[in-house]
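Engineer: You'll find upload.tsv just under this line, and it carries TSV, C-alpha atoms and all ligand atoms.
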```
chain	number	residue	atom	x	y	z
S	28	MET	CA	-11.13	-27.22	-7.33
S	29	ARG	CA	-11.17	-23.66	-5.96
S	30	HIS	CA	-8.74	-20.80	-6.45
S	31	LEU	CA	-8.65	-17.37	-4.79
S	32	MET	CA	-8.45	-14.59	-7.35
S	33	SER	CA	-10.68	-11.94	-5.77
S	34	PRO	CA	-12.24	-11.51	-2.32
S	35	LEU	CA	-15.61	-11.96	-4.06
S	36	ASP	CA	-14.73	-15.60	-4.72
S	37	PHE	CA	-16.03	-16.24	-1.20
S	38	SER	CA	-19.59	-15.41	-0.15
S	39	VAL	CA	-20.11	-13.40	3.04
S	40	GLU	CA	-21.08	-16.65	4.83
S	41	GLU	CA	-17.93	-18.40	3.59
S	42	LEU	CA	-15.84	-15.46	4.75
S	43	ASP	CA	-17.43	-15.74	8.19
S	44	ARG	CA	-16.53	-19.43	8.32
S	45	LEU	CA	-12.97	-18.66	7.21
S	46	MET	CA	-12.59	-16.02	9.93
S	47	ASP	CA	-14.09	-18.37	12.54
S	48	LEU	CA	-11.57	-21.00	11.50
S	49	ALA	CA	-8.73	-18.44	11.77
S	50	GLY	CA	-9.98	-17.62	15.27
S	51	ASP	CA	-9.91	-21.29	16.25
S	52	ILE	CA	-6.40	-21.63	14.82
S	53	GLU	CA	-5.26	-18.66	16.90
S	54	ALA	CA	-6.81	-20.17	20.06
S	55	HIS	CA	-5.69	-23.79	19.48
S	56	PRO	CA	-2.60	-23.83	17.23
S	57	ASP	CA	-1.58	-27.36	18.34
S	58	LYS	CA	-4.77	-28.82	16.94
S	59	TYR	CA	-3.68	-27.76	13.44
S	60	ALA	CA	0.05	-28.50	13.69
S	61	HIS	CA	-0.13	-31.61	11.48
S	62	ALA	CA	-3.16	-30.78	9.35
S	63	CYS	CA	-1.01	-30.40	6.21
S	64	ASP	CA	1.59	-33.11	6.85
S	65	GLY	CA	2.97	-34.19	3.48
S	66	LYS	CA	1.50	-31.20	1.58
S	67	LYS	CA	3.59	-28.65	-0.28
S	68	LEU	CA	3.02	-24.96	-0.91
S	69	ALA	CA	4.84	-23.22	-3.77
S	70	THR	CA	5.30	-19.45	-3.64
S	71	LEU	CA	5.80	-17.94	-7.10
S	72	PHE	CA	6.74	-14.32	-6.56
S	73	TYR	CA	7.58	-12.23	-9.62
S	74	GLU	CA	7.48	-9.05	-7.50
S	75	PRO	CA	9.10	-8.13	-4.16
S	76	SER	CA	7.38	-9.13	-0.95
S	77	THR	CA	8.15	-9.65	2.72
S	78	ARG	CA	4.89	-10.29	4.55
S	79	THR	CA	2.76	-11.88	1.88
S	80	ARG	CA	5.31	-14.49	0.80
S	81	LEU	CA	6.66	-15.27	4.24
S	82	SER	CA	3.23	-15.37	5.88
S	83	HIS	CA	2.01	-17.89	3.30
S	84	GLU	CA	5.13	-19.92	4.01
S	85	ALA	CA	4.76	-19.57	7.79
S	86	ALA	CA	1.11	-20.61	7.44
S	87	MET	CA	2.02	-23.83	5.60
S	88	LEU	CA	4.89	-24.61	7.99
S	89	ASN	CA	2.58	-24.05	11.00
S	90	LEU	CA	0.24	-26.61	9.46
S	91	GLY	CA	3.02	-29.19	9.19
S	92	GLY	CA	3.48	-28.86	5.44
S	93	SER	CA	6.54	-27.84	3.46
S	94	ILE	CA	7.37	-24.98	1.12
S	95	MET	CA	9.25	-24.26	-2.09
S	96	GLY	CA	9.35	-21.42	-4.56
S	97	PHE	CA	11.10	-18.36	-5.95
S	98	SER	CA	11.08	-14.79	-4.71
S	99	SER	CA	11.93	-12.92	-7.90
S	100	ALA	CA	11.36	-13.39	-11.61
S	101	ASP	CA	15.14	-13.21	-12.11
S	102	SER	CA	15.69	-16.46	-10.28
S	103	SER	CA	13.03	-18.33	-12.26
S	104	SER	CA	12.77	-19.33	-15.92
S	105	ALA	CA	10.59	-16.24	-16.47
S	106	SER	CA	13.94	-14.52	-17.07
S	107	LYS	CA	14.50	-16.93	-19.99
S	108	GLY	CA	11.11	-16.05	-21.43
S	109	GLU	CA	8.93	-18.84	-19.99
S	110	SER	CA	5.21	-18.06	-19.91
S	111	VAL	CA	3.11	-18.07	-16.74
S	112	SER	CA	1.03	-20.91	-18.16
S	113	ASP	CA	4.07	-23.16	-18.71
S	114	THR	CA	5.44	-22.30	-15.26
S	115	ILE	CA	2.17	-23.22	-13.56
S	116	ARG	CA	1.94	-26.52	-15.45
S	117	THR	CA	5.38	-27.27	-14.01
S	118	ILE	CA	4.51	-26.24	-10.46
S	119	SER	CA	1.34	-28.35	-10.64
S	120	CYS	CA	3.63	-31.41	-10.85
S	121	TYR	CA	5.59	-30.43	-7.73
S	122	ALA	CA	3.21	-28.82	-5.23
S	123	ASP	CA	-0.32	-29.17	-3.84
S	124	ILE	CA	-1.18	-25.44	-3.73
S	125	CYS	CA	0.52	-22.22	-4.79
S	126	ALA	CA	0.50	-18.49	-4.15
S	127	MET	CA	1.46	-16.20	-7.03
S	128	ARG	CA	2.37	-12.51	-7.08
S	129	HIS	CA	2.90	-10.84	-10.44
S	130	PRO	CA	3.32	-7.26	-11.68
S	131	LYS	CA	0.82	-7.86	-14.51
S	132	GLU	CA	-2.87	-7.57	-13.71
S	133	GLY	CA	-4.60	-10.88	-14.42
S	134	ALA	CA	-1.48	-13.10	-14.43
S	135	PRO	CA	-2.72	-15.32	-11.56
S	136	MET	CA	-6.01	-15.67	-13.47
S	137	VAL	CA	-4.10	-16.98	-16.50
S	138	ALA	CA	-2.25	-19.33	-14.14
S	139	CYS	CA	-5.40	-20.80	-12.63
S	140	ARG	CA	-6.72	-21.72	-16.08
S	141	HIS	CA	-3.70	-23.95	-16.66
S	142	SER	CA	-3.27	-25.23	-13.13
S	143	SER	CA	-4.24	-28.54	-11.60
S	144	ILE	CA	-3.66	-27.20	-8.06
S	145	PRO	CA	-5.37	-24.30	-6.24
S	146	VAL	CA	-3.84	-20.90	-7.07
S	147	ILE	CA	-3.92	-18.01	-4.59
S	148	ASN	CA	-3.58	-14.51	-6.03
S	149	ALA	CA	-0.96	-12.88	-3.81
S	150	GLY	CA	-1.24	-9.53	-5.62
S	151	ASP	CA	-1.50	-8.79	-9.35
S	152	GLY	CA	-0.23	-5.36	-10.38
S	153	GLY	CA	-2.54	-2.54	-9.31
S	154	HIS	CA	-5.56	-4.85	-9.48
S	155	GLN	CA	-6.34	-7.08	-6.48
S	156	HIS	CA	-4.78	-8.49	-3.32
S	157	PRO	CA	-7.40	-10.82	-1.87
S	158	THR	CA	-5.36	-12.42	0.94
S	159	GLN	CA	-4.52	-8.96	2.27
S	160	THR	CA	-8.26	-8.27	2.27
S	161	LEU	CA	-8.94	-11.46	4.22
S	162	THR	CA	-6.32	-10.26	6.69
S	163	ASP	CA	-7.91	-6.81	6.86
S	164	LEU	CA	-11.41	-8.21	7.40
S	165	LEU	CA	-10.24	-10.50	10.19
S	166	THR	CA	-8.39	-7.59	11.80
S	167	ILE	CA	-11.40	-5.28	11.61
S	168	ARG	CA	-13.78	-7.95	12.90
S	169	SER	CA	-11.45	-8.81	15.77
S	170	LEU	CA	-10.87	-5.19	16.82
S	171	LYS	CA	-14.31	-3.68	16.21
S	172	GLY	CA	-16.45	-6.79	16.68
S	173	ARG	CA	-18.25	-6.18	13.39
S	174	LEU	CA	-17.80	-5.52	9.68
S	175	ASP	CA	-20.90	-3.41	9.16
S	176	HIS	CA	-22.06	0.12	10.06
S	177	MET	CA	-18.72	1.86	9.88
S	178	THR	CA	-17.12	4.92	8.35
S	179	ILE	CA	-13.80	3.90	6.87
S	180	GLY	CA	-11.14	6.32	5.72
S	181	LEU	CA	-8.91	5.03	2.92
S	182	CYS	CA	-5.86	7.22	2.62
S	183	GLY	CA	-2.94	7.53	0.23
S	184	ASP	CA	-2.45	5.96	-3.17
S	185	LEU	CA	-6.01	4.97	-4.03
S	186	LYS	CA	-5.16	4.83	-7.73
S	187	PHE	CA	-2.54	2.09	-7.75
S	188	GLY	CA	-3.11	0.55	-4.30
S	189	ARG	CA	-4.44	-2.96	-4.93
S	190	THR	CA	-5.10	-3.57	-1.23
S	191	VAL	CA	-7.61	-0.71	-1.23
S	192	HIS	CA	-9.28	-1.97	-4.41
S	193	SER	CA	-9.80	-5.45	-2.98
S	194	LEU	CA	-10.92	-4.13	0.40
S	195	ILE	CA	-13.60	-1.93	-1.16
S	196	HIS	CA	-14.97	-4.85	-3.18
S	197	ALA	CA	-15.20	-6.92	-0.02
S	198	LEU	CA	-16.67	-4.27	2.31
S	199	VAL	CA	-19.47	-3.02	0.08
S	200	ARG	CA	-21.27	-6.31	0.78
S	201	TYR	CA	-21.83	-5.28	4.42
S	202	GLU	CA	-24.62	-2.96	5.56
S	203	GLY	CA	-24.06	0.62	6.60
S	204	ILE	CA	-20.54	1.03	5.21
S	205	ARG	CA	-19.42	4.55	4.25
S	206	PHE	CA	-16.06	5.49	2.80
S	207	VAL	CA	-14.03	8.64	3.03
S	208	LEU	CA	-11.56	8.53	0.15
S	209	ILE	CA	-8.53	10.59	1.14
S	210	SER	CA	-6.03	11.17	-1.65
S	211	PRO	CA	-4.34	13.81	-3.74
S	212	GLU	CA	-6.19	14.57	-6.99
S	213	GLU	CA	-3.69	12.54	-9.05
S	214	LEU	CA	-4.08	9.41	-6.92
S	215	ARG	CA	-7.88	9.27	-6.73
S	216	LEU	CA	-9.68	5.95	-6.71
S	217	PRO	CA	-10.11	4.83	-10.37
S	218	SER	CA	-13.52	5.50	-11.88
S	219	TYR	CA	-14.01	1.78	-12.59
S	220	ILE	CA	-14.28	1.29	-8.83
S	221	ARG	CA	-15.93	4.61	-7.93
S	222	GLU	CA	-18.63	4.32	-10.53
S	223	ASP	CA	-18.94	0.59	-11.17
S	224	VAL	CA	-18.77	-0.48	-7.53
S	225	LEU	CA	-19.59	2.39	-5.16
S	226	ASP	CA	-22.14	4.29	-7.30
S	227	GLN	CA	-23.61	1.10	-8.68
S	228	LYS	CA	-24.26	-0.30	-5.21
S	229	GLY	CA	-25.33	3.04	-3.75
S	230	VAL	CA	-22.53	3.00	-1.17
S	231	PRO	CA	-22.04	6.50	0.28
S	232	TYR	CA	-18.59	8.04	-0.03
S	233	GLU	CA	-16.89	11.39	-0.10
S	234	GLU	CA	-13.55	12.35	-1.57
S	235	VAL	CA	-11.29	14.67	0.41
S	236	VAL	CA	-7.72	15.81	0.03
S	237	ARG	CA	-6.90	16.80	3.63
S	238	LEU	CA	-6.50	13.95	6.13
S	239	GLU	CA	-7.16	16.37	9.02
S	240	ASP	CA	-10.66	17.05	7.69
S	241	ALA	CA	-11.57	13.36	7.65
S	242	LEU	CA	-10.03	12.16	10.91
S	243	PRO	CA	-12.66	13.32	13.48
S	244	ASN	CA	-15.40	11.24	11.82
S	245	LEU	CA	-13.74	7.89	11.19
S	246	ASP	CA	-14.22	4.47	12.81
S	247	LEU	CA	-11.16	3.15	10.98
S	248	LEU	CA	-8.30	4.63	9.02
S	249	TYR	CA	-6.60	2.48	6.37
S	250	MET	CA	-3.30	4.08	5.40
S	251	THR	CA	-1.39	3.10	2.27
S	252	ARG	CA	2.01	3.72	0.73
S	253	VAL	CA	2.44	5.60	-2.54
S	254	GLN	CA	3.12	2.77	-4.98
S	255	LYS	CA	6.48	3.86	-6.34
S	256	GLU	CA	6.85	0.89	-8.68
S	257	ARG	CA	3.66	1.77	-10.60
S	258	PHE	CA	4.63	5.36	-11.44
S	259	PHE	CA	5.74	6.20	-14.95
S	260	ASN	CA	8.25	8.78	-13.81
S	261	GLU	CA	10.30	9.34	-10.69
S	262	GLU	CA	9.44	13.07	-10.45
S	263	ASP	CA	5.73	12.40	-9.96
S	264	TYR	CA	6.53	9.86	-7.26
S	265	VAL	CA	8.86	12.24	-5.43
S	266	ARG	CA	6.17	14.95	-5.52
S	267	MET	CA	3.53	12.59	-4.08
S	268	LYS	CA	5.44	10.39	-1.68
S	269	ASP	CA	5.18	12.52	1.46
S	270	PHE	CA	1.74	13.94	0.76
S	271	TYR	CA	0.35	12.27	3.90
S	272	ILE	CA	2.23	11.75	7.14
S	273	LEU	CA	0.13	10.51	10.04
S	274	ASP	CA	1.74	11.69	13.27
S	275	ALA	CA	0.78	12.07	16.93
S	276	LYS	CA	-0.61	15.56	16.32
S	277	LYS	CA	-3.02	14.30	13.67
S	278	MET	CA	-3.95	11.27	15.81
S	279	ALA	CA	-5.13	13.75	18.45
S	280	LEU	CA	-7.92	14.75	16.03
S	281	ALA	CA	-9.22	11.19	15.72
S	282	PRO	CA	-11.76	9.39	17.93
S	283	GLU	CA	-10.49	7.27	20.85
S	284	ASP	CA	-11.59	4.06	19.13
S	285	MET	CA	-10.37	4.80	15.58
S	286	TYR	CA	-7.94	2.02	14.73
S	287	VAL	CA	-5.22	2.59	12.17
S	288	LEU	CA	-4.55	-0.20	9.68
S	289	HIS	CA	-1.84	-0.39	7.04
S	290	PRO	CA	-1.03	-3.40	4.81
S	291	LEU	CA	2.68	-2.52	5.19
S	292	PRO	CA	5.40	-1.87	4.12
S	293	ARG	CA	5.26	1.64	5.53
S	294	VAL	CA	7.56	4.28	4.12
S	295	ASN	CA	6.93	7.77	5.59
S	296	GLU	CA	3.14	7.86	5.70
S	297	ILE	CA	2.92	6.82	9.37
S	298	SER	CA	5.42	8.41	11.70
S	299	VAL	CA	7.03	5.87	14.06
S	300	GLU	CA	5.73	7.85	17.05
S	301	VAL	CA	2.24	6.55	16.17
S	302	ASP	CA	3.41	2.96	16.77
S	303	ASP	CA	2.95	3.38	20.52
S	304	ASP	CA	-0.59	4.71	20.20
S	305	PRO	CA	-3.04	1.97	21.32
S	306	ARG	CA	-5.02	2.65	18.16
S	307	ALA	CA	-2.11	1.60	15.92
S	308	ALA	CA	-3.20	-1.86	14.73
S	309	TYR	CA	-0.88	-2.50	11.77
S	310	PHE	CA	1.49	-4.85	13.56
S	311	LYS	CA	-1.41	-6.89	14.96
S	312	GLN	CA	-2.83	-6.92	11.45
S	313	MET	CA	0.20	-8.75	10.06
S	314	GLN	CA	-0.10	-11.39	12.78
S	315	TYR	CA	-3.72	-11.99	11.75
S	316	GLY	CA	-2.37	-12.50	8.22
S	317	VAL	CA	-0.81	-15.81	9.26
S	318	TYR	CA	-4.00	-17.20	10.88
S	319	ILE	CA	-6.22	-16.30	7.96
S	320	ARG	CA	-3.76	-17.78	5.45
S	321	MET	CA	-3.67	-21.00	7.49
S	322	ALA	CA	-7.46	-21.05	7.32
S	323	LEU	CA	-7.34	-20.34	3.59
S	324	ILE	CA	-4.86	-23.14	2.83
S	325	LEU	CA	-7.01	-25.65	4.78
S	326	THR	CA	-10.14	-24.47	3.00
S	327	LEU	CA	-8.69	-24.59	-0.53
S	328	LEU	CA	-7.14	-28.03	0.13
S	329	GLU	CA	-10.49	-29.14	1.62
S	330	ILE	CA	-8.81	-30.38	4.78
S	331	GLU	CA	-11.06	-30.63	7.83
S	332	VAL	CA	-9.59	-30.78	11.32
Z	401	LIG	C1	0.93	-4.50	-0.17
Z	401	LIG	C2	1.04	-4.95	-1.61
Z	401	LIG	O1	1.96	-5.68	-1.98
Z	401	LIG	O2	0.15	-4.57	-2.36
Z	401	LIG	N1	1.83	-5.17	0.68
Z	401	LIG	C3	1.43	-6.34	1.25
Z	401	LIG	O3	1.23	-7.31	0.59
Z	401	LIG	N2	1.22	-6.35	2.57
Z	401	LIG	C4	0.98	-3.04	0.01
Z	401	LIG	C5	2.12	-2.28	-0.57
Z	401	LIG	O4	3.05	-2.84	-1.13
Z	401	LIG	O5	2.08	-1.06	-0.46
```
Render the structure in this file as structure tokens.
Structural biologist:
Amino acid sequence: MRHLMSPLDFSVEELDRLMDLAGDIEAHPDKYAHACDGKKLATLFYEPSTRTRLSHEAAMLNLGGSIMGFSSADSSSASKGESVSDTIRTISCYADICAMRHPKEGAPMVACRHSSIPVINAGDGGHQHPTQTLTDLLTIRSLKGRLDHMTIGLCGDLKFGRTVHSLIHALVRYEGIRFVLISPEELRLPSYIREDVLDQKGVPYEEVVRLEDALPNLDLLYMTRVQKERFFNEEDYVRMKDFYILDAKKMALAPEDMYVLHPLPRVNEISVEVDDDPRAAYFKQMQYGVYIRMALILTLLEIEV
């Protein structure tokens, strides 16, 4: 039985197959409408979510399956002190597959050790967010036609942003990838990724503070929100939260084919005027999130259509 804890759980070839399947689902949704008849997905969300929880649920419903779950720790027995391992033993009796989001790094990993159904990591603290990465890869491949030979700007909260951490892990496996890491000093990419992943693999990168300096040379810009919930004090968050605001004036500095991605939710870091720019791809990106999660559910349940 397979789980999804990190984007590295799939080889590059397996990722290609997953994205091809997502493409076929997008083109022929009817073909898949009953693929999961009788199957149940449980969503176990100990942290807030809109897109990740609802897109997993939409994915299962689109496949003909059904859904159950909780959307906050308060409404589950976690609030009575139940452990993740006991909860997952319970869910294993009720559902065929589950997606778990948890504020503690590694919680979904603990869950998969005690689970008799596939567990999908839907975000664990500041660590990883593999299904967002699958979404991002599919979006990039669909828009740019490739996943290699690109200069990618990652901007915002690179310290706590789990989507960025997972995306870097996934992209360093492709040839000719360069990163421009755009963040304030206090929100730099952690050294365990800079040194142990980028330096280790000899992936070129530069760190800059000003977004304007990076924009003219990018093939893609991945914006992120400052992760308020991971700050130790409110003052630091308030100081950092509007550090970057991408607006039409800054977009004028960027190449004609530089797409802007964002895992969403957006706060202030992308001005709404950018939404009408043809390079704004973040709403398309969330649509791709449903197709890739449909492909993921089929793959983990080993259902062939
Ligand atoms: C992201 C997350 O939860 O890490 N959201 C998402 O799943 N699309 C990004 C964020 O919350 O900033």
Engineer: Using all atoms listed in the file for the distances, tell me which of S:Pro217, S:Pro211, S:Gly172, S:Pro130 is nearest to ligand LIG 401 (chain Z).
Structural biologist: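 Smallest distance to ligand LIG 401 (chain Z) is found for S:Pro130.
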Engineer: Could you please determine the separation between atom CA of S:Thr251 and atom O5 of ligand LIG 401 (chain Z) in Å, to one decimal place?
Structural biologist: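 About the pair atom CA of S:Thr251 and atom O5 of ligand LIG 401 (chain Z): they are 6.1 Å apart.
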Engineer: Listing only residues of chain S within 8 Å of ligand LIG 401 (chain Z), what is the closest atom pair and its distance in Å (to one decimal) for each, using all atoms listed in the file, sorted by chain and residue number ascending, as CSV?
Structural biologist:
```
residue,atom,partner,partner_atom,distance
S:Pro75,CA,Z:LIG401,O1,7.9
S:Ser76,CA,Z:LIG401,O1,6.5
S:Thr77,CA,Z:LIG401,O3,7.6
S:Arg78,CA,Z:LIG401,N2,5.7
S:Thr79,CA,Z:LIG401,O3,5.0
S:Ala149,CA,Z:LIG401,O3,7.4
S:Gly150,CA,Z:LIG401,O2,6.1
S:Gly153,CA,Z:LIG401,O2,7.7
S:His156,CA,Z:LIG401,O2,6.4
S:Gln159,CA,Z:LIG401,O3,6.2
S:Gly188,CA,Z:LIG401,O2,6.4
S:Arg189,CA,Z:LIG401,O2,5.5
S:Thr190,CA,Z:LIG401,O2,5.5
S:Thr251,CA,Z:LIG401,O5,6.1
S:Arg252,CA,Z:LIG401,O5,4.9
S:Val253,CA,Z:LIG401,O5,7.0
S:Gln254,CA,Z:LIG401,O5,6.0
S:Pro290,CA,Z:LIG401,N2,4.3
S:Leu291,CA,Z:LIG401,N2,4.9
S:Pro292,CA,Z:LIG401,O5,5.7
S:Arg293,CA,Z:LIG401,O5,7.3
S:Met313,CA,Z:LIG401,N2,7.9
```
Engineer: State, in Å with one decimal place, the distance from atom CA of S:Lys277 to atom CA of S:Thr166.
Structural biologist: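 Computing the Euclidean distance for atom CA of S:Lys277 and atom CA of S:Thr166 yields 22.6 Å.
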Engineer: Which residue out of S:Leu174, S:Met87, S:Val39, S:Val235 has the minimum interatomic distance to S:Ala60 when only C-alpha atoms are used?
Structural biologist: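 Looking at the shortest contact to S:Ala60, the residue is S:Met87.
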Engineer: Atom CA of S:Ile195 and atom CA of S:Leu71, how far apart in Å?
Structural biologist: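 These atoms are spaced 25.8 Å apart.
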Engineer: Using all atoms listed in the file for the distances, tell me which of S:Arg237, S:His192, S:Arg168, S:His141 is nearest to S:Glu212.
Structural biologist: S:Arg237
Engineer: Write out as a ChimeraX atom specification the residues lying within 8 Å of stretch 198-203 of chain S, counting only C-alpha atoms and excluding same-chain residues fewer than 6 positions away.
Structural biologist: /S:39,174-177,225,228,230
Engineer: Which residue out of S:Ala62, S:Val236, S:Leu68, S:Leu280 has the minimum interatomic distance to S:Ala85 when all atoms listed in the file are used?
Structural biologist: S:Leu68
Engineer: Please identify all polymer residues lying at most 6 Å from the point (-14.4, -11.1, 8.8) (file coordinates), using all atoms listed in the file, and present the result as a list in words.
Structural biologist: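 Counting all atoms listed in the file, I find these residues within 6 Å of (-14.4, -11.1, 8.8): Asp43, Met46, Leu164, Leu165 and Arg168 of chain S.
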Engineer: Take the point (1.3, -21.6, -12.9) in the file's coordinates, draw a sphere of radius 10 Å around it, and report as a list of chain:residue names every protein, DNA or RNA residue with an atom inside or on it, counting all atoms listed in the file.
Structural biologist: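 The distance filter leaves exactly S:Ala69, S:Leu71, S:Ser110, S:Val111, S:Ser112, S:Asp113, S:Thr114, S:Ile115, S:Arg116, S:Thr117, S:Ile118, S:Ser119, S:Cys125, S:Ala126, S:Met127, S:Ala134, S:Pro135, S:Met136, S:Val137, S:Ala138, S:Cys139, S:Arg140, S:His141, S:Ser142, S:Ser143, S:Ile144, S:Pro145, S:Val146.
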Engineer: Save the residues we just selected, C-alpha atoms, as a PDB file, in the frame of the given file?
Structural biologist:
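Ended up saving to out06.pdb:
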```pdb
ATOM      1  CA  ALA S  69       4.840 -23.220  -3.770  1.00  0.00           C
ATOM      2  CA  LEU S  71       5.800 -17.940  -7.100  1.00  0.00           C
ATOM      3  CA  SER S 110       5.210 -18.060 -19.910  1.00  0.00           C
ATOM      4  CA  VAL S 111       3.110 -18.070 -16.740  1.00  0.00           C
ATOM      5  CA  SER S 112       1.030 -20.910 -18.160  1.00  0.00           C
ATOM      6  CA  ASP S 113       4.070 -23.160 -18.710  1.00  0.00           C
ATOM      7  CA  THR S 114       5.440 -22.300 -15.260  1.00  0.00           C
ATOM      8  CA  ILE S 115       2.170 -23.220 -13.560  1.00  0.00           C
ATOM      9  CA  ARG S 116       1.940 -26.520 -15.450  1.00  0.00           C
ATOM     10  CA  THR S 117       5.380 -27.270 -14.010  1.00  0.00           C
ATOM     11  CA  ILE S 118       4.510 -26.240 -10.460  1.00  0.00           C
ATOM     12  CA  SER S 119       1.340 -28.350 -10.640  1.00  0.00           C
ATOM     13  CA  CYS S 125       0.520 -22.220  -4.790  1.00  0.00           C
ATOM     14  CA  ALA S 126       0.500 -18.490  -4.150  1.00  0.00           C
ATOM     15  CA  MET S 127       1.460 -16.200  -7.030  1.00  0.00           C
ATOM     16  CA  ALA S 134      -1.480 -13.100 -14.430  1.00  0.00           C
ATOM     17  CA  PRO S 135      -2.720 -15.320 -11.560  1.00  0.00           C
ATOM     18  CA  MET S 136      -6.010 -15.670 -13.470  1.00  0.00           C
ATOM     19  CA  VAL S 137      -4.100 -16.980 -16.500  1.00  0.00           C
ATOM     20  CA  ALA S 138      -2.250 -19.330 -14.140  1.00  0.00           C
ATOM     21  CA  CYS S 139      -5.400 -20.800 -12.630  1.00  0.00           C
ATOM     22  CA  ARG S 140      -6.720 -21.720 -16.080  1.00  0.00           C
ATOM     23  CA  HIS S 141      -3.700 -23.950 -16.660  1.00  0.00           C
ATOM     24  CA  SER S 142      -3.270 -25.230 -13.130  1.00  0.00           C
ATOM     25  CA  SER S 143      -4.240 -28.540 -11.600  1.00  0.00           C
ATOM     26  CA  ILE S 144      -3.660 -27.200  -8.060  1.00  0.00           C
ATOM     27  CA  PRO S 145      -5.370 -24.300  -6.240  1.00  0.00           C
ATOM     28  CA  VAL S 146      -3.840 -20.900  -7.070  1.00  0.00           C
TER      29      VAL S 146
END
```
Engineer: Pick out the closest residue to S:Ala197 from this set: S:Leu247, S:Leu31, S:Cys182, S:Leu42. Count only C-alpha atoms.
Structural biologist: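 Ranked by minimum distance to S:Ala197, first place goes to S:Leu42.
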Engineer: Could you check which of S:Ala308, S:Asp184, S:Ile220, S:Asp263 is closest to S:Glu296, using all atoms listed in the file?
Structural biologist: S:Asp184
Engineer: Got a sec: who's within 7 Å of S:Leu245, counting only C-alpha atoms, leaving out chain neighbours fewer than 4 positions off, as a short mmCIF file (atom, residue, chain, number, x, y, z; two decimals) with C-alpha atoms, keeping the file's coordinate frame?
Structural biologist:
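Generated file (out11.cif):
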```
data_model
loop_
_atom_site.label_atom_id
_atom_site.label_comp_id
_atom_site.auth_asym_id
_atom_site.auth_seq_id
_atom_site.Cartn_x
_atom_site.Cartn_y
_atom_site.Cartn_z
CA THR S 178 -17.12 4.92 8.35
CA ILE S 179 -13.80 3.90 6.87
CA GLY S 180 -11.14 6.32 5.72
CA ALA S 241 -11.57 13.36 7.65
CA MET S 285 -10.37 4.80 15.58
#
```
Engineer: Within 7 Å of stretch 92-104 of chain S, counting only C-alpha atoms, which residues qualify if same-chain residues fewer than 6 places away don't, as an mmCIF file with C-alpha atoms, in the coordinates of the input?
Structural biologist:
```
data_model
loop_
_atom_site.group_PDB
_atom_site.id
_atom_site.type_symbol
_atom_site.label_atom_id
_atom_site.label_comp_id
_atom_site.auth_asym_id
_atom_site.auth_seq_id
_atom_site.Cartn_x
_atom_site.Cartn_y
_atom_site.Cartn_z
ATOM 1 C CA CYS S 63 -1.010 -30.400 6.210
ATOM 2 C CA ASP S 64 1.590 -33.110 6.850
ATOM 3 C CA GLY S 65 2.970 -34.190 3.480
ATOM 4 C CA LYS S 66 1.500 -31.200 1.580
ATOM 5 C CA LYS S 67 3.590 -28.650 -0.280
ATOM 6 C CA LEU S 68 3.020 -24.960 -0.910
ATOM 7 C CA ALA S 69 4.840 -23.220 -3.770
ATOM 8 C CA THR S 70 5.300 -19.450 -3.640
ATOM 9 C CA LEU S 71 5.800 -17.940 -7.100
ATOM 10 C CA PHE S 72 6.740 -14.320 -6.560
ATOM 11 C CA TYR S 73 7.580 -12.230 -9.620
ATOM 12 C CA GLU S 74 7.480 -9.050 -7.500
ATOM 13 C CA PRO S 75 9.100 -8.130 -4.160
ATOM 14 C CA GLU S 84 5.130 -19.920 4.010
#
```
Engineer: With a distance cut-off of 7 Å and all atoms listed in the file, select the neighbouring residues of stretch 160-162 of chain S, excluding the residue or stretch itself and same-chain residues fewer than 4 positions from it, and output the selection as a list in words.
Structural biologist: Pro34, His156, Thr166, Thr190, Ser193, Leu194, Gln312, Tyr315, Gly316 and Ile319 of chain S
Engineer: When you look at stretch 49-57 of chain S with a cut-off of 9 Å (counting all atoms listed in the file), what residues show up, excluding the ones that are within fewer than 2 positions of it in the same chain? I need them as a list in words.
Structural biologist: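 That gives Arg44, Leu45, Met46, Asp47, Tyr59, Ala60, His61, Asn89, Leu90, Leu165, Ser169, Tyr315, Val317, Tyr318, Ile319, Arg320, Met321, Ala322 and Leu323 of chain S.
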